[in-house]
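One file, target_9.txt, carrying compact mmCIF, C-alpha atoms (C1' of nucleotides):
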```
# COMPACT_ATOMS: atom_id res chain seq x y z
CA MET A 661 -5.75 0.36 -21.20
CA GLY A 662 -2.03 0.02 -20.85
CA LEU A 663 -1.39 3.69 -20.45
CA LEU A 664 -2.63 3.65 -16.91
CA ARG A 665 -0.13 1.05 -15.98
CA ALA A 666 2.79 2.76 -17.60
CA HIS A 667 2.14 5.76 -15.52
CA ALA A 668 1.32 3.95 -12.32
CA SER A 669 4.72 2.38 -12.61
CA VAL A 670 6.58 5.61 -12.77
CA THR A 671 4.59 7.06 -9.96
CA ARG A 672 5.48 4.13 -7.81
CA ARG A 673 9.11 4.47 -8.57
CA PHE A 674 9.03 8.12 -7.69
CA ASN A 675 7.32 7.31 -4.51
CA ALA A 676 9.83 4.82 -3.24
CA ASP A 677 13.07 5.78 -4.92
CA LEU A 678 13.28 9.51 -4.72
CA VAL A 679 11.41 10.48 -1.66
CA ALA A 680 12.22 7.59 0.61
CA ASP A 681 15.80 8.83 0.36
CA HIS A 682 14.83 11.78 2.45
CA GLY A 683 12.92 9.70 4.93
CA LEU A 684 9.66 11.09 3.62
CA THR A 685 6.85 9.28 1.89
CA LEU A 686 5.45 10.93 -1.16
CA ASN A 687 2.31 11.51 0.82
CA ALA A 688 4.25 12.95 3.73
CA TYR A 689 5.97 15.25 1.31
CA GLU A 690 2.64 16.35 -0.05
CA VAL A 691 1.30 17.08 3.38
CA LEU A 692 4.30 19.25 4.15
CA LEU A 693 3.95 20.99 0.82
CA ARG A 694 0.27 21.66 1.33
CA LEU A 695 0.79 22.97 4.80
CA SER A 696 3.58 25.25 3.69
CA ARG A 697 1.19 26.92 1.27
CA ALA A 698 -1.79 27.13 3.58
CA PRO A 699 -2.62 30.28 5.52
CA ASP A 700 -0.73 30.25 8.82
CA ARG A 701 0.85 27.06 7.55
CA ARG A 702 -1.87 24.94 9.04
CA MET A 703 -4.85 22.95 7.87
CA ARG A 704 -7.68 20.90 9.20
CA ARG A 705 -7.23 17.20 8.91
CA VAL A 706 -10.34 16.76 6.85
CA ASP A 707 -9.20 19.22 4.24
CA LEU A 708 -5.82 17.64 4.20
CA SER A 709 -7.32 14.24 3.64
CA GLU A 710 -9.31 15.52 0.69
CA GLU A 711 -6.33 17.14 -0.95
CA ILE A 712 -3.98 14.26 -0.42
CA LEU A 713 -6.68 11.78 -1.30
CA LEU A 714 -6.26 9.73 1.78
CA THR A 715 -8.86 8.57 4.27
CA PRO A 716 -9.09 10.46 7.55
CA SER A 717 -7.48 7.60 9.38
CA GLY A 718 -4.68 7.61 6.89
CA ILE A 719 -4.09 11.25 7.68
CA THR A 720 -4.16 10.63 11.40
CA ARG A 721 -1.49 8.02 11.01
CA LEU A 722 0.59 9.97 8.59
CA LEU A 723 0.51 13.02 10.81
CA ALA A 724 1.37 10.90 13.82
CA GLY A 725 4.64 10.11 12.14
CA LEU A 726 5.31 13.69 11.13
CA GLU A 727 4.52 14.87 14.63
CA GLN A 728 6.96 12.42 16.10
CA SER A 729 9.61 13.70 13.72
CA GLY A 730 8.79 17.24 14.82
CA TYR A 731 7.73 18.42 11.38
CA VAL A 732 4.17 19.25 12.33
CA GLU A 733 2.36 20.07 15.55
CA ARG A 734 -1.21 19.81 16.70
CA ALA A 735 -3.14 22.99 17.31
CA SER A 736 -6.71 23.29 18.39
CA CYS A 737 -9.34 25.45 16.79
CA ALA A 738 -10.92 28.13 18.93
CA SER A 739 -14.30 28.12 17.25
CA ASP A 740 -14.74 24.39 16.76
CA ALA A 741 -13.51 22.00 19.38
CA ARG A 742 -13.73 19.05 17.06
CA VAL A 743 -10.98 20.12 14.75
CA THR A 744 -7.30 19.69 15.37
CA TYR A 745 -5.11 21.65 13.06
CA ALA A 746 -1.97 20.25 11.62
CA GLN A 747 0.56 23.03 11.98
CA LEU A 748 3.82 23.04 10.07
CA THR A 749 6.81 23.69 12.31
CA ASP A 750 9.99 25.49 11.31
CA ASP A 751 11.75 22.16 11.28
CA GLY A 752 9.07 20.88 8.96
CA LEU A 753 9.52 23.78 6.62
CA ALA A 754 13.25 23.26 6.61
CA LYS A 755 12.83 19.59 5.89
CA LEU A 756 10.43 20.37 3.10
CA ARG A 757 12.88 22.76 1.47
CA GLU A 758 15.66 20.26 1.74
CA ALA A 759 13.64 17.42 0.28
CA SER A 760 12.02 19.69 -2.26
CA GLU A 761 15.32 20.65 -3.76
CA ALA A 762 16.33 17.12 -4.56
CA HIS A 763 12.85 15.98 -5.41
CA VAL A 764 12.09 18.76 -7.81
CA ALA A 765 15.43 18.21 -9.47
CA ASP A 766 14.72 14.52 -9.86
CA VAL A 767 11.26 15.02 -11.20
CA ARG A 768 12.34 17.74 -13.52
CA GLY A 769 15.19 15.61 -14.70
CA LEU A 770 12.97 12.73 -15.52
CA PHE A 771 10.54 14.84 -17.45
CA ALA A 772 12.83 17.31 -19.12
CA GLU A 773 14.80 14.37 -20.37
CA ARG A 774 11.81 13.05 -22.24
CA TYR A 775 9.53 15.91 -23.10
CA SER A 776 9.73 19.24 -24.77
CA GLN A 777 8.25 22.30 -23.19
CA GLY A 778 5.19 22.12 -25.35
CA GLU A 779 4.62 18.47 -24.74
CA LEU A 780 4.79 19.01 -21.04
CA GLN A 781 2.13 21.64 -21.32
CA THR A 782 -0.06 19.34 -23.38
CA LEU A 783 0.39 16.57 -20.91
CA ARG A 784 -0.52 18.82 -18.06
CA ASP A 785 -3.63 20.09 -19.80
CA LEU A 786 -4.83 16.63 -20.55
CA LEU A 787 -4.15 15.25 -17.14
CA GLU A 788 -5.83 18.12 -15.43
CA ARG A 789 -9.17 17.01 -16.71
CA LEU A 790 -9.22 13.86 -14.70
CA PRO A 791 -9.50 14.47 -10.95
CA PRO A 792 -13.12 15.67 -10.62
CA GLU A 793 -14.04 12.03 -10.13
CA GLY A 794 -14.55 12.32 -6.42
CA ALA A 795 -13.31 15.74 -5.37
CA GLU A 796 -15.70 18.51 -4.59
CA ASP A 797 -16.53 20.67 -1.59
CA GLU A 798 -14.71 23.85 -0.65
CA SER A 799 -12.52 24.28 2.35
CA ALA A 800 -14.39 25.64 5.34
CA ASP A 801 -12.71 28.34 7.31
CA CYS A 802 -12.60 28.08 11.04
CA THR A 803 -13.41 31.74 11.62
CA PRO A 804 -16.86 32.48 10.19
CA MET B 1410 4.75 19.04 -10.27
CA GLY B 1411 1.06 18.78 -9.59
CA LEU B 1412 0.31 16.74 -12.65
CA LEU B 1413 1.72 13.63 -11.11
CA ARG B 1414 -0.64 13.91 -8.23
CA ALA B 1415 -3.71 14.51 -10.30
CA HIS B 1416 -3.06 11.34 -12.11
CA ALA B 1417 -1.98 9.30 -9.13
CA SER B 1418 -5.33 10.16 -7.64
CA VAL B 1419 -7.32 8.77 -10.47
CA THR B 1420 -5.22 5.68 -10.62
CA ARG B 1421 -5.86 5.05 -6.97
CA ARG B 1422 -9.57 5.46 -7.41
CA PHE B 1423 -9.58 3.02 -10.24
CA ASN B 1424 -7.66 0.62 -8.19
CA ALA B 1425 -10.01 0.54 -5.26
CA ASP B 1426 -13.38 1.48 -6.68
CA LEU B 1427 -13.70 -0.41 -9.89
CA VAL B 1428 -11.70 -3.51 -9.45
CA ALA B 1429 -12.31 -4.21 -5.80
CA ASP B 1430 -15.93 -4.64 -6.82
CA HIS B 1431 -14.98 -7.85 -8.53
CA GLY B 1432 -12.90 -9.05 -5.64
CA LEU B 1433 -9.74 -8.45 -7.63
CA THR B 1434 -6.95 -6.02 -6.98
CA LEU B 1435 -5.77 -4.03 -9.94
CA ASN B 1436 -2.56 -5.99 -9.67
CA ALA B 1437 -4.40 -9.28 -9.51
CA TYR B 1438 -6.30 -8.25 -12.57
CA GLU B 1439 -3.07 -7.47 -14.34
CA VAL B 1440 -1.62 -10.82 -13.46
CA LEU B 1441 -4.64 -12.58 -14.87
CA LEU B 1442 -4.51 -10.43 -17.97
CA ARG B 1443 -0.83 -11.11 -18.52
CA LEU B 1444 -1.23 -14.81 -18.02
CA SER B 1445 -4.13 -14.94 -20.42
CA ARG B 1446 -1.92 -13.53 -23.14
CA ALA B 1447 1.14 -15.59 -22.40
CA PRO B 1448 1.95 -18.76 -24.34
CA ASP B 1449 0.22 -21.72 -22.68
CA ARG B 1450 -1.29 -19.15 -20.36
CA ARG B 1451 1.55 -19.41 -17.92
CA MET B 1452 4.54 -17.36 -16.87
CA ARG B 1453 7.50 -17.49 -14.58
CA ARG B 1454 7.20 -15.52 -11.44
CA VAL B 1455 10.22 -13.42 -12.19
CA ASP B 1456 8.85 -12.28 -15.50
CA LEU B 1457 5.52 -11.62 -13.94
CA SER B 1458 7.10 -9.49 -11.27
CA GLU B 1459 8.88 -7.43 -13.88
CA GLU B 1460 5.78 -6.80 -15.92
CA ILE B 1461 3.55 -6.03 -13.02
CA LEU B 1462 6.28 -4.00 -11.38
CA LEU B 1463 6.04 -5.78 -8.09
CA THR B 1464 8.80 -7.35 -6.03
CA PRO B 1465 9.15 -11.12 -6.20
CA SER B 1466 7.73 -11.48 -2.74
CA GLY B 1467 4.81 -9.34 -3.74
CA ILE B 1468 4.14 -11.76 -6.57
CA THR B 1469 4.42 -14.73 -4.30
CA ARG B 1470 1.80 -13.27 -2.04
CA LEU B 1471 -0.44 -12.07 -4.78
CA LEU B 1472 -0.36 -15.46 -6.45
CA ALA B 1473 -1.00 -17.16 -3.14
CA GLY B 1474 -4.32 -15.39 -3.05
CA LEU B 1475 -5.15 -16.19 -6.64
CA GLU B 1476 -4.24 -19.81 -6.11
CA GLN B 1477 -6.54 -20.03 -3.15
CA SER B 1478 -9.33 -18.59 -5.25
CA GLY B 1479 -8.57 -21.17 -7.89
CA TYR B 1480 -7.70 -18.67 -10.59
CA VAL B 1481 -4.13 -19.81 -11.07
CA GLU B 1482 -2.20 -22.98 -10.40
CA ARG B 1483 1.43 -23.79 -9.83
CA ALA B 1484 3.27 -25.75 -12.45
CA SER B 1485 6.89 -26.75 -12.41
CA CYS B 1486 9.35 -26.31 -15.21
CA ALA B 1487 10.93 -29.43 -16.65
CA SER B 1488 14.21 -27.85 -17.60
CA ASP B 1489 14.79 -25.65 -14.59
CA ALA B 1490 13.79 -26.86 -11.16
CA ARG B 1491 13.99 -23.40 -9.67
CA VAL B 1492 11.08 -21.95 -11.54
CA THR B 1493 7.47 -22.39 -10.66
CA TYR B 1494 5.10 -21.32 -13.35
CA ALA B 1495 1.94 -19.50 -12.61
CA GLN B 1496 -0.65 -21.17 -14.76
CA LEU B 1497 -3.99 -19.56 -15.49
CA THR B 1498 -6.91 -21.91 -14.87
CA ASP B 1499 -10.18 -21.93 -16.76
CA ASP B 1500 -11.82 -20.41 -13.74
CA GLY B 1501 -9.22 -17.70 -13.83
CA LEU B 1502 -9.87 -16.99 -17.47
CA ALA B 1503 -13.58 -16.83 -16.83
CA LYS B 1504 -13.07 -14.48 -13.93
CA LEU B 1505 -10.84 -12.31 -16.04
CA ARG B 1506 -13.42 -12.02 -18.78
CA GLU B 1507 -16.11 -11.17 -16.32
CA ALA B 1508 -14.06 -8.50 -14.59
CA SER B 1509 -12.64 -7.27 -17.84
CA GLU B 1510 -16.02 -6.47 -19.22
CA ALA B 1511 -16.97 -4.16 -16.41
CA HIS B 1512 -13.51 -2.77 -15.97
CA VAL B 1513 -12.95 -1.90 -19.58
CA ALA B 1514 -16.35 -0.28 -19.69
CA ASP B 1515 -15.57 1.79 -16.63
CA VAL B 1516 -12.19 2.88 -17.84
CA ARG B 1517 -13.45 3.65 -21.27
CA GLY B 1518 -16.33 5.59 -19.81
CA LEU B 1519 -14.08 7.72 -17.71
CA PHE B 1520 -11.80 8.55 -20.58
CA ALA B 1521 -14.23 8.82 -23.42
CA GLU B 1522 -16.18 11.23 -21.32
CA ARG B 1523 -13.27 13.59 -21.13
CA TYR B 1524 -11.11 13.11 -24.18
CA SER B 1525 -11.47 13.04 -27.88
CA GLN B 1526 -10.00 10.26 -29.94
CA GLY B 1527 -7.02 12.34 -30.91
CA GLU B 1528 -6.35 13.51 -27.41
CA LEU B 1529 -6.36 9.99 -26.17
CA GLN B 1530 -3.78 9.09 -28.74
CA THR B 1531 -1.63 12.05 -27.76
CA LEU B 1532 -1.89 11.12 -24.14
CA ARG B 1533 -0.93 7.57 -24.85
CA ASP B 1534 2.06 8.60 -26.90
CA LEU B 1535 3.32 10.93 -24.24
CA LEU B 1536 2.82 8.50 -21.42
CA GLU B 1537 4.51 5.72 -23.26
CA ARG B 1538 7.81 7.44 -23.03
CA LEU B 1539 8.04 7.11 -19.31
CA PRO B 1540 8.50 3.51 -18.18
CA PRO B 1541 12.07 2.76 -19.35
CA GLU B 1542 13.16 3.99 -15.95
CA GLY B 1543 13.86 0.55 -14.57
CA ALA B 1544 12.50 -1.97 -17.04
CA GLU B 1545 14.85 -3.92 -19.24
CA ASP B 1546 15.73 -7.57 -19.85
CA GLU B 1547 13.87 -9.91 -22.13
CA SER B 1548 11.82 -12.87 -21.05
CA ALA B 1549 13.84 -16.05 -20.95
CA ASP B 1550 12.22 -19.14 -22.29
CA CYS B 1551 12.32 -22.31 -20.31
CA THR B 1552 13.14 -24.52 -23.30
CA PRO B 1553 16.50 -23.52 -24.72
C1' DT C 905 -34.93 23.01 25.35
C1' DG C 906 -33.62 18.79 23.95
C1' DG C 907 -33.24 14.88 20.77
C1' DA C 908 -31.76 13.47 16.06
C1' DT C 909 -28.35 13.93 12.72
C1' DA C 910 -24.03 15.40 10.85
C1' DT C 911 -19.07 16.40 11.27
C1' DA C 912 -14.10 15.83 12.96
C1' DC C 913 -11.15 12.76 14.47
C1' DT C 914 -9.22 8.37 16.52
C1' DT C 915 -8.57 3.41 17.12
C1' DG C 916 -8.41 -1.73 16.29
C1' DA C 917 -8.20 -5.20 12.82
C1' DG C 918 -6.77 -6.49 8.51
C1' DC C 919 -4.87 -6.18 3.57
C1' DT C 920 -1.27 -5.35 0.32
C1' DG C 921 3.06 -4.70 -0.51
C1' DT C 922 8.29 -3.99 0.74
C1' DC C 923 12.87 -5.29 2.58
C1' DA C 924 16.23 -8.46 4.24
C1' DA C 925 17.61 -12.93 4.92
C1' DC C 926 17.27 -17.41 3.37
C1' DA C 927 17.15 -22.14 0.64
C1' DA C 928 17.47 -24.36 -3.56
C1' DT C 929 19.01 -24.82 -8.15
C1' DC C 930 21.72 -23.67 -12.16
C1' DA C 931 25.97 -22.22 -14.83
C1' DT C 932 30.86 -21.57 -15.07
C1' DA C 933 35.71 -22.09 -14.42
C1' DC C 934 39.14 -24.37 -12.76
C1' DG D 190 34.01 -32.99 -10.17
C1' DT D 191 33.63 -29.21 -7.33
C1' DA D 192 33.83 -24.43 -5.49
C1' DT D 193 31.87 -19.77 -6.91
C1' DG D 194 28.48 -16.90 -8.15
C1' DA D 195 24.14 -15.77 -10.16
C1' DT D 196 19.09 -16.76 -10.51
C1' DT D 197 14.49 -18.27 -8.68
C1' DG D 198 11.55 -18.33 -5.25
C1' DT D 199 9.88 -18.16 -0.30
C1' DT D 200 9.41 -16.38 4.47
C1' DG D 201 9.39 -13.17 8.76
C1' DA D 202 9.00 -8.62 10.19
C1' DC D 203 7.20 -4.40 9.27
C1' DA D 204 5.27 0.03 6.75
C1' DG D 205 1.37 2.28 4.90
C1' DC D 206 -3.13 2.38 4.06
C1' DT D 207 -8.30 1.15 4.38
C1' DC D 208 -12.63 -0.18 6.65
C1' DA D 209 -15.73 -0.32 10.45
C1' DA D 210 -16.78 1.20 14.76
C1' DG D 211 -16.48 4.52 18.43
C1' DT D 212 -16.05 9.29 20.88
C1' DA D 213 -16.74 14.05 21.12
C1' DT D 214 -18.51 18.16 19.44
C1' DA D 215 -21.61 20.92 16.52
C1' DT D 216 -26.03 21.91 14.15
C1' DC D 217 -30.74 21.70 13.17
C1' DC D 218 -35.52 21.63 14.10
C1' DA D 219 -39.76 20.77 16.55
```

Would you mind writing the file's structure down as structure tokens?
Amino acid sequence: MGLLRAHASVTRRFNADLVADHGLTLNAYEVLLRLSRAPDRRMRRVDLSEEILLTPSGITRLLAGLEQSGYVERASCASDARVTYAQLTDDGLAKLREASEAHVADVRGLFAERYSQGELQTLRDLLERLPPEGAEDESADCTP
Amino acid sequence: MGLLRAHASVTRRFNADLVADHGLTLNAYEVLLRLSRAPDRRMRRVDLSEEILLTPSGITRLLAGLEQSGYVERASCASDARVTYAQLTDDGLAKLREASEAHVADVRGLFAERYSQGELQTLRDLLERLPPEGAEDESADCTP
DNA sequence: TGGATATACTTGAGCTGTCAACAATCATAC
DNA sequence: GTATGATTGTTGACAGCTCAAGTATATCCA
């Protein structure tokens, strides 16, 4: 019972404390991170919303902010006029790297301070079993 | 890195899915739970805010809702005029029990389905090391 | 072909929580 | 006693997200 809370707490702190320092929400950070790893550094909004675990409207709004900051751009899909790609800009990539540095350090600090290597691995293994709750469906490519 | 997310996801689902069904936020549920365990079933708002990990204003607003629903009442403290207790009502206790039943079942289901007894213990132990981040300070009694 | 259904995305309204500024009370030191 | 500072709690403005409804495009099938 209480173990959920303990963790929720820490997550919240991460969220606000660390990442807000860079002017990025944790979710914004995740979007940037995801995009940076995606082919051509762009993704459909739907896929993004599934990975970030946000509703489509959440994504729209989140991206609106990132677009205004110049970190992502909109790009249309040739084969499907419904989709609007979110495309990571160079600025966005730069911002990600900058934030990443501090963020990773912070996270690592917090964990390394408390866990051994082996424990971390155990924790990861255990936690990895959880998500399937509501996530399925593969990403659909725009060029069939 | 990714293990935080995995877990944050599940937590969020819990939050919305399970508890919203009973008309209670996860935080509201926690408040009720805390109050039910507190002496005289009441707590100061400050202490509540520390345990729930919410800002004071968050608590004010959360309690406002619970008061309107009749689950908690305000009670003043004889020895310190600044504090307003949050006092769990009988209705509140009933509501808690009702929600608790379903909630505990849901949570248990999710975990039991995926973890053995031992793994659960391991997980708990590991997770328990995290919170100290920002939590300190003991609860101050109102009758010195 | 064309009508029904599904998918991708956006928008308005509202909820939950934060932050900053505030009022009231208490505790302490002179 | 009375000024100073800390503690307790509330409020206004706003951020971030969800839900429900709406638009536009795509897909299927008769």

Q: Work out how far apart CA of Gly730 in chain A and CA of Asp751 in chain A are and give it in Å to one decimal.
A: 6.7 Å

Q: Rounded to one decimal place, report the C1' of DC919 in chain C-CA of Val743 in chain A distance in Å.
A: 29.2 Å

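Minimum distance to DG211 in chain D across C:DC913, C:DC934, C:DG921, C:DA928 (counting all atoms listed in the file) occurs at C:DC913.
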
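Residue-level contacts from chain D to chain B at 9 Å, counting only C-alpha atoms (C1' of nucleotides), read D:DT196, D:DT197, D:DG198, D:DT199, D:DT200.
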
Q.
I need the contact residues of chain C against chain A, so if you could list those with any atom within 9 Å, counting only C-alpha atoms (C1' of nucleotides), and return them as a PyMOL selection string, that would help.
A. chain C and resi 911-915

Write the residues of the preceding selection, restricted to C-alpha atoms (C1' of nucleotides), as a compact mmCIF listing (two decimals), in the coordinates of the input.
```txt
# COMPACT_ATOMS: atom_id res chain seq x y z
C1' DT C 911 -19.07 16.40 11.27
C1' DA C 912 -14.10 15.83 12.96
C1' DC C 913 -11.15 12.76 14.47
C1' DT C 914 -9.22 8.37 16.52
C1' DT C 915 -8.57 3.41 17.12
```

(Q) Residues near DA908 in chain C, anyone? I mean within 12 Å using all atoms listed in the file, not counting same-chain ones fewer than 4 positions away, as a list in words. (A)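 The residues satisfying every condition are DT216, DC217, DC218 and DA219 of chain D.
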
Q | From A:Arg694, A:Arg702, A:His682, A:Arg757, residue lying nearest chain B [only C-alpha atoms] | A |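 Closest residue, counting only C-alpha atoms: A:Arg694.
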
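Comparing A:Arg672, A:Arg734, A:Lys755, A:Arg697 by their smallest distance to chain B, the closest is A:Arg672 (using all atoms listed in the file).
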
Q) Got a sec: who's within 12 Å of DA195 in chain D, counting only C-alpha atoms (C1' of nucleotides), leaving out chain neighbours fewer than 5 positions off, as a PyMOL selection string? A) chain C and resi 929-932

(Q) Calculated over all atoms listed in the file, which of the candidates B:Thr1531, B:Gln1526, B:Ser1445, B:Ser1488 has the smallest distance to chain A? (A)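 Closest to chain A of all the choices is B:Thr1531.
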
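Here CA of Glu788 in chain A and CA of Asp700 in chain A stand 27.6 Å from one another.
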
Q: Considering only C-alpha atoms, state which residue in the set B:Leu1532, B:Leu1505, B:Ala1437, B:Ala1484 is at the smallest distance from chain A.
A: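 Result for the nearest residue to chain A: B:Leu1532.
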